[in-house]
file entry_5.cif (mmCIF, C-alpha atoms)
data_target
loop_
_atom_site.group_PDB
_atom_site.id
_atom_site.type_symbol
_atom_site.label_atom_id
_atom_site.label_comp_id
_atom_site.auth_asym_id
_atom_site.auth_seq_id
_atom_site.Cartn_x
_atom_site.Cartn_y
_atom_site.Cartn_z
ATOM 1 C CA MET A 1 84.051 -104.662 -19.008
ATOM 2 C CA ASP A 2 85.287 -107.232 -21.486
ATOM 3 C CA LEU A 3 81.904 -108.794 -22.205
ATOM 4 C CA TYR A 4 80.451 -106.122 -24.478
ATOM 5 C CA GLN A 5 82.987 -105.874 -27.281
ATOM 6 C CA GLN A 6 82.029 -103.197 -29.819
ATOM 7 C CA ILE A 7 81.673 -105.902 -32.440
ATOM 8 C CA ILE A 8 78.948 -107.545 -30.325
ATOM 9 C CA ILE A 9 77.081 -104.242 -29.925
ATOM 10 C CA ASP A 10 77.351 -103.662 -33.689
ATOM 11 C CA HIS A 11 76.030 -107.128 -34.575
ATOM 12 C CA SER A 12 73.144 -106.789 -32.100
ATOM 13 C CA LYS A 13 72.101 -103.428 -33.550
ATOM 14 C CA SER A 14 72.430 -104.475 -37.185
ATOM 15 C CA PRO A 15 72.013 -108.242 -37.351
ATOM 16 C CA HIS A 16 73.573 -109.720 -40.483
ATOM 17 C CA GLY A 17 71.061 -111.256 -42.882
ATOM 18 C CA ALA A 18 68.129 -110.982 -40.452
ATOM 19 C CA GLY A 19 64.588 -111.819 -41.506
ATOM 20 C CA LEU A 20 62.850 -115.022 -42.576
ATOM 21 C CA ARG A 21 63.288 -116.014 -46.211
ATOM 22 C CA GLU A 22 62.275 -118.687 -48.681
ATOM 23 C CA PRO A 23 63.115 -121.238 -49.853
ATOM 24 C CA PHE A 24 63.984 -123.276 -46.765
ATOM 25 C CA ASP A 25 64.117 -126.966 -45.896
ATOM 26 C CA ALA A 26 63.447 -126.670 -42.180
ATOM 27 C CA GLU A 27 62.341 -124.081 -39.659
ATOM 28 C CA VAL A 28 62.788 -124.297 -35.885
ATOM 29 C CA HIS A 29 61.809 -122.103 -32.977
ATOM 30 C CA HIS A 30 63.982 -122.168 -29.875
ATOM 31 C CA VAL A 31 63.268 -120.416 -26.586
ATOM 32 C CA ASN A 32 65.377 -119.882 -23.514
ATOM 33 C CA PRO A 33 62.624 -120.021 -20.890
ATOM 34 C CA THR A 34 64.735 -118.544 -18.119
ATOM 35 C CA CYS A 35 65.172 -115.221 -19.885
ATOM 36 C CA GLY A 36 62.579 -115.227 -22.645
ATOM 37 C CA ASP A 37 65.032 -115.071 -25.535
ATOM 38 C CA GLU A 38 63.464 -116.475 -28.687
ATOM 39 C CA VAL A 39 64.797 -117.287 -32.109
ATOM 40 C CA THR A 40 63.258 -118.727 -35.255
ATOM 41 C CA VAL A 41 65.809 -120.155 -37.684
ATOM 42 C CA ARG A 42 65.325 -121.397 -41.243
ATOM 43 C CA VAL A 43 67.957 -123.273 -43.197
ATOM 44 C CA HIS A 44 68.195 -123.995 -46.872
ATOM 45 C CA VAL A 45 70.615 -126.762 -47.841
ATOM 46 C CA GLU A 46 71.787 -127.335 -51.405
ATOM 47 C CA GLY A 47 73.706 -130.322 -52.725
ATOM 48 C CA VAL A 48 74.153 -133.792 -51.308
ATOM 49 C CA GLY A 49 76.747 -135.710 -49.312
ATOM 50 C CA VAL A 50 80.109 -133.991 -49.003
ATOM 51 C CA ASP A 51 78.910 -131.373 -51.491
ATOM 52 C CA ALA A 52 76.039 -130.269 -49.246
ATOM 53 C CA ARG A 53 76.295 -126.609 -48.378
ATOM 54 C CA VAL A 54 74.318 -124.083 -46.356
ATOM 55 C CA ALA A 55 72.705 -122.035 -49.103
ATOM 56 C CA ASP A 56 70.883 -119.743 -46.696
ATOM 57 C CA ILE A 57 70.232 -119.113 -43.014
ATOM 58 C CA SER A 58 67.424 -116.712 -42.230
ATOM 59 C CA TYR A 59 66.160 -115.876 -38.776
ATOM 60 C CA ALA A 60 64.085 -113.725 -36.489
ATOM 61 C CA ALA A 61 65.763 -113.198 -33.110
ATOM 62 C CA GLN A 62 64.390 -111.472 -30.052
ATOM 63 C CA GLY A 63 66.465 -111.231 -26.936
ATOM 64 C CA CYS A 64 69.550 -109.818 -25.300
ATOM 65 C CA SER A 65 72.444 -108.351 -27.248
ATOM 66 C CA ILE A 66 74.506 -111.508 -26.759
ATOM 67 C CA SER A 67 71.925 -113.846 -28.289
ATOM 68 C CA VAL A 68 71.056 -111.560 -31.213
ATOM 69 C CA ALA A 69 74.706 -110.784 -31.990
ATOM 70 C CA SER A 70 75.699 -114.441 -31.795
ATOM 71 C CA THR A 71 72.948 -115.419 -34.243
ATOM 72 C CA SER A 72 74.112 -112.628 -36.539
ATOM 73 C CA VAL A 73 77.675 -113.983 -36.449
ATOM 74 C CA LEU A 74 76.296 -117.461 -37.179
ATOM 75 C CA ALA A 75 74.607 -116.182 -40.344
ATOM 76 C CA GLU A 76 77.708 -114.292 -41.396
ATOM 77 C CA GLU A 77 80.161 -117.136 -40.836
ATOM 78 C CA VAL A 78 78.148 -120.091 -42.053
ATOM 79 C CA THR A 79 75.985 -118.957 -44.986
ATOM 80 C CA GLY A 80 77.312 -120.386 -48.250
ATOM 81 C CA ARG A 81 79.734 -122.747 -46.518
ATOM 82 C CA PRO A 82 79.802 -126.542 -46.805
ATOM 83 C CA VAL A 83 77.620 -128.182 -44.150
ATOM 84 C CA GLN A 84 80.646 -130.010 -42.755
ATOM 85 C CA GLU A 85 82.493 -126.739 -42.189
ATOM 86 C CA ALA A 86 79.408 -125.210 -40.618
ATOM 87 C CA LEU A 87 79.270 -128.045 -38.082
ATOM 88 C CA GLU A 88 82.985 -127.619 -37.353
ATOM 89 C CA THR A 89 82.407 -123.905 -36.785
ATOM 90 C CA TYR A 90 79.601 -124.704 -34.340
ATOM 91 C CA ALA A 91 81.828 -127.191 -32.506
ATOM 92 C CA ALA A 92 84.612 -124.595 -32.213
ATOM 93 C CA MET A 93 82.195 -121.914 -31.027
ATOM 94 C CA LYS A 94 80.718 -124.250 -28.417
ATOM 95 C CA ALA A 95 84.155 -125.376 -27.236
ATOM 96 C CA MET A 96 85.219 -121.771 -26.696
ATOM 97 C CA LEU A 97 81.997 -120.785 -24.907
ATOM 98 C CA THR A 98 82.080 -123.749 -22.538
ATOM 99 C CA SER A 99 85.806 -123.481 -21.759
ATOM 100 C CA LYS A 100 85.288 -121.072 -18.809
ATOM 101 C CA GLY A 101 87.727 -118.712 -20.494
ATOM 102 C CA GLN A 102 90.485 -121.231 -21.233
ATOM 103 C CA ASP A 103 89.872 -121.343 -25.002
ATOM 104 C CA PRO A 104 90.235 -117.901 -26.651
ATOM 105 C CA GLY A 105 88.774 -119.175 -29.923
ATOM 106 C CA ASP A 106 90.354 -119.421 -33.381
ATOM 107 C CA GLU A 107 89.471 -116.502 -35.646
ATOM 108 C CA GLU A 108 90.307 -118.659 -38.679
ATOM 109 C CA VAL A 109 87.447 -120.976 -37.760
ATOM 110 C CA ILE A 110 84.829 -118.802 -36.048
ATOM 111 C CA GLY A 111 85.569 -115.322 -37.420
ATOM 112 C CA ASP A 112 83.791 -112.595 -35.412
ATOM 113 C CA GLY A 113 82.815 -115.384 -33.007
ATOM 114 C CA VAL A 114 86.078 -114.716 -31.121
ATOM 115 C CA ALA A 115 84.466 -111.549 -29.758
ATOM 116 C CA PHE A 116 82.333 -113.844 -27.582
ATOM 117 C CA ALA A 117 85.351 -115.342 -25.763
ATOM 118 C CA GLY A 118 84.519 -113.118 -22.764
ATOM 119 C CA VAL A 119 81.052 -114.670 -22.495
ATOM 120 C CA ALA A 120 82.665 -117.930 -21.356
ATOM 121 C CA LYS A 121 83.463 -116.260 -18.036
ATOM 122 C CA TYR A 122 79.754 -115.601 -17.388
ATOM 123 C CA PRO A 123 78.088 -119.028 -17.079
ATOM 124 C CA ALA A 124 74.583 -117.512 -17.084
ATOM 125 C CA ARG A 125 75.208 -115.959 -20.495
ATOM 126 C CA VAL A 126 76.701 -118.960 -22.314
ATOM 127 C CA LYS A 127 73.233 -120.181 -23.270
ATOM 128 C CA CYS A 128 72.432 -116.780 -24.765
ATOM 129 C CA ALA A 129 75.412 -117.063 -27.079
ATOM 130 C CA LEU A 130 74.578 -120.642 -28.089
ATOM 131 C CA LEU A 131 70.833 -120.215 -28.648
ATOM 132 C CA GLY A 132 70.969 -119.406 -32.361
ATOM 133 C CA TRP A 133 73.681 -121.975 -33.031
ATOM 134 C CA ALA A 134 71.779 -124.765 -31.290
ATOM 135 C CA ALA A 135 68.673 -123.826 -33.276
ATOM 136 C CA PHE A 136 70.724 -123.908 -36.475
ATOM 137 C CA THR A 137 72.020 -127.438 -35.871
ATOM 138 C CA ASP A 138 68.497 -128.551 -34.949
ATOM 139 C CA ALA A 139 67.236 -127.084 -38.232
ATOM 140 C CA LEU A 140 70.010 -128.882 -40.137
ATOM 141 C CA ALA A 141 68.962 -132.174 -38.528
ATOM 142 C CA ARG A 142 65.341 -131.557 -39.476
ATOM 143 C CA ALA A 143 66.484 -130.799 -43.006
ATOM 144 C CA GLY A 144 67.860 -134.338 -43.093
ATOM 145 C CA VAL A 145 71.512 -133.655 -42.376
ATOM 146 C CA ASP A 146 73.259 -136.115 -40.058
ATOM 147 C CA ILE A 147 74.718 -133.652 -37.568
ATOM 148 C CA THR A 148 76.445 -136.370 -35.542
ATOM 149 C CA ALA A 149 78.442 -137.938 -38.355
ATOM 150 C CA GLY A 150 82.025 -136.893 -38.990
ATOM 151 C CA GLN A 151 81.020 -136.747 -42.621
ATOM 152 C CA ALA A 152 77.782 -134.816 -42.930
ATOM 153 C CA ASP A 153 75.066 -136.580 -44.850
ATOM 154 C CA SER A 154 72.945 -134.948 -47.471
ATOM 155 C CA LYS A 155 69.395 -133.942 -46.777
ATOM 156 C CA ASP A 156 68.292 -136.870 -48.921
ATOM 157 C CA GLY A 157 70.722 -139.286 -47.374
ATOM 158 C CA ARG A 158 68.637 -140.816 -44.611
ATOM 159 C CA MET B 1 58.182 -102.237 11.580
ATOM 160 C CA PRO B 2 56.812 -98.733 10.839
ATOM 161 C CA ARG B 3 60.408 -97.472 10.823
ATOM 162 C CA VAL B 4 61.415 -100.205 8.379
ATOM 163 C CA HIS B 5 58.457 -99.324 6.174
ATOM 164 C CA ALA B 6 59.316 -95.608 6.251
ATOM 165 C CA HIS B 7 62.943 -96.355 5.399
ATOM 166 C CA GLU B 8 61.985 -98.565 2.451
ATOM 167 C CA GLN B 9 59.509 -95.997 1.166
ATOM 168 C CA ALA B 10 62.174 -93.281 1.310
ATOM 169 C CA LEU B 11 64.583 -95.430 -0.729
ATOM 170 C CA THR B 12 61.857 -96.315 -3.219
ATOM 171 C CA ALA B 13 60.907 -92.645 -3.627
ATOM 172 C CA ARG B 14 64.562 -91.736 -4.170
ATOM 173 C CA LEU B 15 64.863 -94.361 -6.895
ATOM 174 C CA LEU B 16 61.586 -93.353 -8.565
ATOM 175 C CA ASP B 17 62.697 -89.691 -8.542
ATOM 176 C CA GLY B 18 66.014 -90.649 -10.116
ATOM 177 C CA LEU B 19 64.369 -92.807 -12.776
ATOM 178 C CA ALA B 20 61.890 -90.024 -13.587
ATOM 179 C CA GLN B 21 64.869 -87.847 -14.539
ATOM 180 C CA ARG B 22 65.898 -90.483 -17.055
ATOM 181 C CA PRO B 23 63.258 -90.489 -19.810
ATOM 182 C CA TRP B 24 64.931 -93.491 -21.444
ATOM 183 C CA VAL B 25 63.805 -95.596 -18.475
ATOM 184 C CA ARG B 26 60.227 -96.848 -18.262
ATOM 185 C CA VAL B 27 58.977 -97.792 -14.785
ATOM 186 C CA LEU B 28 56.252 -100.416 -14.536
ATOM 187 C CA GLY B 29 53.561 -99.791 -11.940
ATOM 188 C CA PRO B 30 52.723 -96.715 -9.847
ATOM 189 C CA LEU B 31 55.165 -93.813 -9.922
ATOM 190 C CA ASP B 32 54.301 -92.824 -6.348
ATOM 191 C CA ALA B 33 56.284 -94.699 -3.679
ATOM 192 C CA ALA B 34 53.284 -94.578 -1.324
ATOM 193 C CA GLU B 35 51.364 -96.804 -3.724
ATOM 194 C CA ARG B 36 53.890 -99.597 -3.920
ATOM 195 C CA GLY B 37 56.232 -101.767 -1.919
ATOM 196 C CA SER B 38 60.009 -101.415 -2.040
ATOM 197 C CA VAL B 39 60.322 -103.224 -5.362
ATOM 198 C CA VAL B 40 60.713 -101.344 -8.648
ATOM 199 C CA SER B 41 60.723 -103.018 -12.061
ATOM 200 C CA PHE B 42 61.826 -101.008 -15.074
ATOM 201 C CA VAL B 43 62.760 -101.231 -18.735
ATOM 202 C CA VAL B 44 65.470 -99.457 -20.707
ATOM 203 C CA ASP B 45 63.913 -99.329 -24.153
ATOM 204 C CA GLY B 46 66.239 -100.848 -26.717
ATOM 205 C CA VAL B 47 68.360 -102.766 -24.214
ATOM 206 C CA HIS B 48 67.386 -106.204 -22.919
ATOM 207 C CA ALA B 49 67.116 -106.537 -19.131
ATOM 208 C CA HIS B 50 69.892 -109.126 -19.051
ATOM 209 C CA ASP B 51 72.242 -106.617 -20.602
ATOM 210 C CA VAL B 52 71.146 -103.930 -18.129
ATOM 211 C CA GLY B 53 71.635 -106.346 -15.230
ATOM 212 C CA GLN B 54 75.049 -107.401 -16.497
ATOM 213 C CA ILE B 55 76.289 -103.815 -16.533
ATOM 214 C CA LEU B 56 74.869 -103.077 -13.075
ATOM 215 C CA ASP B 57 76.407 -106.298 -11.758
ATOM 216 C CA ASP B 58 79.784 -105.299 -13.136
ATOM 217 C CA LEU B 59 79.512 -102.071 -11.103
ATOM 218 C CA GLY B 60 78.569 -103.914 -7.899
ATOM 219 C CA VAL B 61 74.798 -103.434 -8.050
ATOM 220 C CA GLU B 62 72.726 -106.563 -7.640
ATOM 221 C CA VAL B 63 69.314 -106.594 -9.274
ATOM 222 C CA ARG B 64 67.072 -109.338 -10.564
ATOM 223 C CA VAL B 65 66.360 -109.546 -14.294
ATOM 224 C CA GLY B 66 63.928 -111.537 -16.388
ATOM 225 C CA HIS B 67 60.201 -111.973 -16.072
ATOM 226 C CA HIS B 68 60.262 -112.831 -12.357
ATOM 227 C CA CYS B 69 57.951 -115.846 -12.742
ATOM 228 C CA ALA B 70 55.350 -113.476 -14.241
ATOM 229 C CA TRP B 71 55.643 -114.076 -17.962
ATOM 230 C CA PRO B 72 51.972 -113.427 -18.827
ATOM 231 C CA LEU B 73 52.102 -110.110 -16.979
ATOM 232 C CA HIS B 74 55.226 -109.084 -18.861
ATOM 233 C CA ARG B 75 53.559 -109.977 -22.163
ATOM 234 C CA ALA B 76 50.551 -107.865 -21.164
ATOM 235 C CA LEU B 77 52.811 -104.936 -20.243
ATOM 236 C CA GLY B 78 54.716 -105.191 -23.512
ATOM 237 C CA ALA B 79 58.039 -105.989 -21.883
ATOM 238 C CA ALA B 80 60.124 -109.026 -22.872
ATOM 239 C CA ALA B 81 61.879 -108.825 -19.512
ATOM 240 C CA THR B 82 62.460 -106.237 -16.807
ATOM 241 C CA THR B 83 65.194 -105.167 -14.431
ATOM 242 C CA ARG B 84 64.042 -105.173 -10.817
ATOM 243 C CA ALA B 85 65.565 -103.421 -7.832
ATOM 244 C CA SER B 86 64.350 -104.281 -4.353
ATOM 245 C CA PHE B 87 65.218 -102.576 -1.088
ATOM 246 C CA ALA B 88 65.299 -103.811 2.493
ATOM 247 C CA ALA B 89 66.133 -102.359 5.883
ATOM 248 C CA TYR B 90 69.875 -102.674 5.307
ATOM 249 C CA ASN B 91 69.999 -100.633 2.087
ATOM 250 C CA THR B 92 71.033 -96.985 2.083
ATOM 251 C CA ALA B 93 70.259 -93.826 0.108
ATOM 252 C CA GLY B 94 73.856 -93.873 -1.105
ATOM 253 C CA GLU B 95 73.256 -97.285 -2.644
ATOM 254 C CA VAL B 96 70.276 -95.936 -4.564
ATOM 255 C CA ASP B 97 72.603 -93.298 -6.019
ATOM 256 C CA VAL B 98 75.172 -95.968 -6.918
ATOM 257 C CA LEU B 99 72.428 -97.829 -8.793
ATOM 258 C CA LEU B 100 71.396 -94.681 -10.697
ATOM 259 C CA ASP B 101 75.009 -93.839 -11.590
ATOM 260 C CA ALA B 102 75.568 -97.414 -12.781
ATOM 261 C CA LEU B 103 72.388 -97.227 -14.839
ATOM 262 C CA ASP B 104 73.775 -94.193 -16.668
ATOM 263 C CA ARG B 105 76.486 -96.468 -18.087
ATOM 264 C CA VAL B 106 73.869 -98.476 -19.997
ATOM 265 C CA PRO B 107 73.083 -95.932 -22.766
ATOM 266 C CA VAL B 108 76.807 -95.161 -23.055
ATOM 267 C CA ILE B 109 77.817 -98.792 -23.586
ATOM 268 C CA PHE B 110 74.906 -99.493 -25.934
ATOM 269 C CA GLY B 111 75.233 -96.234 -27.837
ATOM 270 C CA LEU B 112 71.669 -95.102 -27.157
ATOM 271 C CA GLU B 113 70.808 -91.525 -27.947
ATOM 272 C CA VAL B 114 69.442 -90.150 -24.700
ATOM 273 C CA HIS B 115 67.988 -86.758 -24.066
ATOM 274 C CA ALA B 116 68.033 -86.085 -20.356
#
call {"tool": "encode", "arguments": {"input": "entry_5.cif", "output": "structure tokens"}}
result
Amino acid sequence: MDLYQQIIIDHSKSPHGAGLREPFDAEVHHVNPTCGDEVTVRVHVEGVGVDARVADISYAAQGCSISVASTSVLAEEVTGRPVQEALETYAAMKAMLTSKGQDPGDEEVIGDGVAFAGVAKYPARVKCALLGWAAFTDALARAGVDITAGQADSKDGR
Amino acid sequence: MPRVHAHEQALTARLLDGLAQRPWVRVLGPLDAAERGSVVSFVVDGVHAHDVGQILDDLGVEVRVGHHCAWPLHRALGAAATTRASFAAYNTAGEVDVLLDALDRVPVIFGLEVHA
């Protein structure tokens, strides 16, 4: 089956950068009530305005291989990157996952995230793959980042 | 109805026997078919029920996964979610075997070390 790429199995068994760390600017806890998947995500943002970057993402994920592996890929792809790029990566990941298989994903933008292209063909699993990413953007918002703006605001820029 | 009951119990016993030969599967509830209805919930330790269900589904076996509207019970039993097979009058012994064969794919795909 094309859903369980080896890279997804590997990420789910050895999640990249797992664990909750300090310092952090915001912590969120997201649950998928239909399956019981849970994730706690902390973000630490450094810098302001266009210079804002994701200094750290730490997390504790409990759930199916898809949700844990996707959160692991999130940490791998986004940690250390400018906030604006992180939001673009999320948008690209979401576009691929909700394309019903039409969008194969761009490895340049989402890295190992392309392994999740097959998930788009299983509507019930799309939420699993987006859980950690949705929690991450929620945490960014709570850290004061404007996640809707084309140009991400700083955490002090409200 | 007694014939339906006997048929369902035979299928349930066949499944329980098969699962007992797979020590990497943990059955919730009584292990004797006579003490339960034709519904069997189980856990593959180390693999989430949604992943188990996905693999079974891919091989044509339909089971329910999740906490089956019984979240507090699952918490109490130490299971995040379970995979649940249920039999009715129209199921066959051959289908039980298909389920067991499909289940054997789970440790292969997830690289579990199993000792039969």
call {"tool": "interface_residues", "arguments": {"input": "entry_5.cif", "of": "chain A", "to": "chain B", "cutoff": "8 Å", "atoms": "all atoms listed in the file", "output": "ChimeraX atom specification"}}
result
/A:1,4,9,34-36,63-65
call {"tool": "resolve_selection", "arguments": {"input": "entry_5.cif", "expression": "the PyMOL selection byres ((chain B and resi 95) around 12)", "output": "list in words"}}
result
Leu11, Thr12, Arg14, Leu15, Leu59, Gly60, Val61, Glu62, Ala85, Ser86, Phe87, Ala88, Tyr90, Asn91, Thr92, Ala93, Gly94, Val96, Asp97, Val98, Leu99, Leu100, Asp101 and Ala102 of chain B
call {"tool": "write_last_selection", "arguments": {"input": "entry_5.cif", "atoms": "C-alpha atoms", "output": "PDB file, in the coordinates of the input"}}
result
ATOM      1  CA  LEU B  11      64.583 -95.430  -0.729  1.00  0.00           C
ATOM      2  CA  THR B  12      61.857 -96.315  -3.219  1.00  0.00           C
ATOM      3  CA  ARG B  14      64.562 -91.736  -4.170  1.00  0.00           C
ATOM      4  CA  LEU B  15      64.863 -94.361  -6.895  1.00  0.00           C
ATOM      5  CA  LEU B  59      79.512-102.071 -11.103  1.00  0.00           C
ATOM      6  CA  GLY B  60      78.569-103.914  -7.899  1.00  0.00           C
ATOM      7  CA  VAL B  61      74.798-103.434  -8.050  1.00  0.00           C
ATOM      8  CA  GLU B  62      72.726-106.563  -7.640  1.00  0.00           C
ATOM      9  CA  ALA B  85      65.565-103.421  -7.832  1.00  0.00           C
ATOM     10  CA  SER B  86      64.350-104.281  -4.353  1.00  0.00           C
ATOM     11  CA  PHE B  87      65.218-102.576  -1.088  1.00  0.00           C
ATOM     12  CA  ALA B  88      65.299-103.811   2.493  1.00  0.00           C
ATOM     13  CA  TYR B  90      69.875-102.674   5.307  1.00  0.00           C
ATOM     14  CA  ASN B  91      69.999-100.633   2.087  1.00  0.00           C
ATOM     15  CA  THR B  92      71.033 -96.985   2.083  1.00  0.00           C
ATOM     16  CA  ALA B  93      70.259 -93.826   0.108  1.00  0.00           C
ATOM     17  CA  GLY B  94      73.856 -93.873  -1.105  1.00  0.00           C
ATOM     18  CA  VAL B  96      70.276 -95.936  -4.564  1.00  0.00           C
ATOM     19  CA  ASP B  97      72.603 -93.298  -6.019  1.00  0.00           C
ATOM     20  CA  VAL B  98      75.172 -95.968  -6.918  1.00  0.00           C
ATOM     21  CA  LEU B  99      72.428 -97.829  -8.793  1.00  0.00           C
ATOM     22  CA  LEU B 100      71.396 -94.681 -10.697  1.00  0.00           C
ATOM     23  CA  ASP B 101      75.009 -93.839 -11.590  1.00  0.00           C
ATOM     24  CA  ALA B 102      75.568 -97.414 -12.781  1.00  0.00           C
TER      25      ALA B 102
END
call {"tool": "atom_distance", "arguments": {"input": "entry_5.cif", "atom1": "atom CA of Gly118 of chain A", "atom2": "atom CA of Val73 of chain A"}}
result
15.3 Å
call {"tool": "resolve_selection", "arguments": {"input": "entry_5.cif", "expression": "the PyMOL selection byres ((chain A and resi 61) around 8)", "output": "PyMOL selection string"}}
result
chain A and resi 37-40+59-60+62-63+67-68+71
call {"tool": "resolve_selection", "arguments": {"input": "entry_5.cif", "expression": "the PyMOL selection byres ((chain A and resi 100) around 12)", "output": "short mmCIF file (atom, residue, chain, number, x, y, z; two decimals) with C-alpha atoms, keeping the file's coordinate frame"}}
result
data_model
loop_
_atom_site.label_atom_id
_atom_site.label_comp_id
_atom_site.auth_asym_id
_atom_site.auth_seq_id
_atom_site.Cartn_x
_atom_site.Cartn_y
_atom_site.Cartn_z
CA LYS A 94 80.72 -124.25 -28.42
CA ALA A 95 84.16 -125.38 -27.24
CA MET A 96 85.22 -121.77 -26.70
CA LEU A 97 82.00 -120.78 -24.91
CA THR A 98 82.08 -123.75 -22.54
CA SER A 99 85.81 -123.48 -21.76
CA GLY A 101 87.73 -118.71 -20.49
CA GLN A 102 90.48 -121.23 -21.23
CA ASP A 103 89.87 -121.34 -25.00
CA PRO A 104 90.24 -117.90 -26.65
CA GLY A 105 88.77 -119.18 -29.92
CA PHE A 116 82.33 -113.84 -27.58
CA ALA A 117 85.35 -115.34 -25.76
CA GLY A 118 84.52 -113.12 -22.76
CA VAL A 119 81.05 -114.67 -22.50
CA ALA A 120 82.66 -117.93 -21.36
CA LYS A 121 83.46 -116.26 -18.04
CA TYR A 122 79.75 -115.60 -17.39
CA PRO A 123 78.09 -119.03 -17.08
CA ALA A 124 74.58 -117.51 -17.08
CA ARG A 125 75.21 -115.96 -20.50
CA VAL A 126 76.70 -118.96 -22.31
#
call {"tool": "residues_around", "arguments": {"input": "entry_5.cif", "residues": "Glu76 of chain A", "least_positions_apart": "5", "cutoff": "9 Å", "atoms": "all atoms listed in the file", "output": "CSV table (one decimal) with C-alpha atoms, in the frame of the given file"}}
result
chain,number,residue,atom,x,y,z
A,16,HIS,CA,73.6,-109.7,-40.5
A,17,GLY,CA,71.1,-111.3,-42.9
A,71,THR,CA,72.9,-115.4,-34.2
A,111,GLY,CA,85.6,-115.3,-37.4
A,112,ASP,CA,83.8,-112.6,-35.4
call {"tool": "closest_residue", "arguments": {"input": "entry_5.cif", "among": "B:Arg64, B:Arg105, B:His5, B:Arg75", "to": "Gly37 of chain B", "atoms": "only C-alpha atoms"}}
result
B:His5
call {"tool": "closest_residue", "arguments": {"input": "entry_5.cif", "among": "A:Glu85, A:Ala135, A:Glu27, A:Asp2", "to": "Ala115 of chain A", "atoms": "all atoms listed in the file"}}
result
A:Asp2
call {"tool": "residues_around", "arguments": {"input": "entry_5.cif", "residues": "Glu22 of chain A", "least_positions_apart": "4", "cutoff": "12 Å", "atoms": "only C-alpha atoms", "output": "number ranges by chain"}}
result
A: 26-27, 41-45, 55-59
call {"tool": "atom_distance", "arguments": {"input": "entry_5.cif", "atom1": "atom CA of Ala76 of chain B", "atom2": "atom CA of Ser41 of chain B"}}
result
14.5 Å
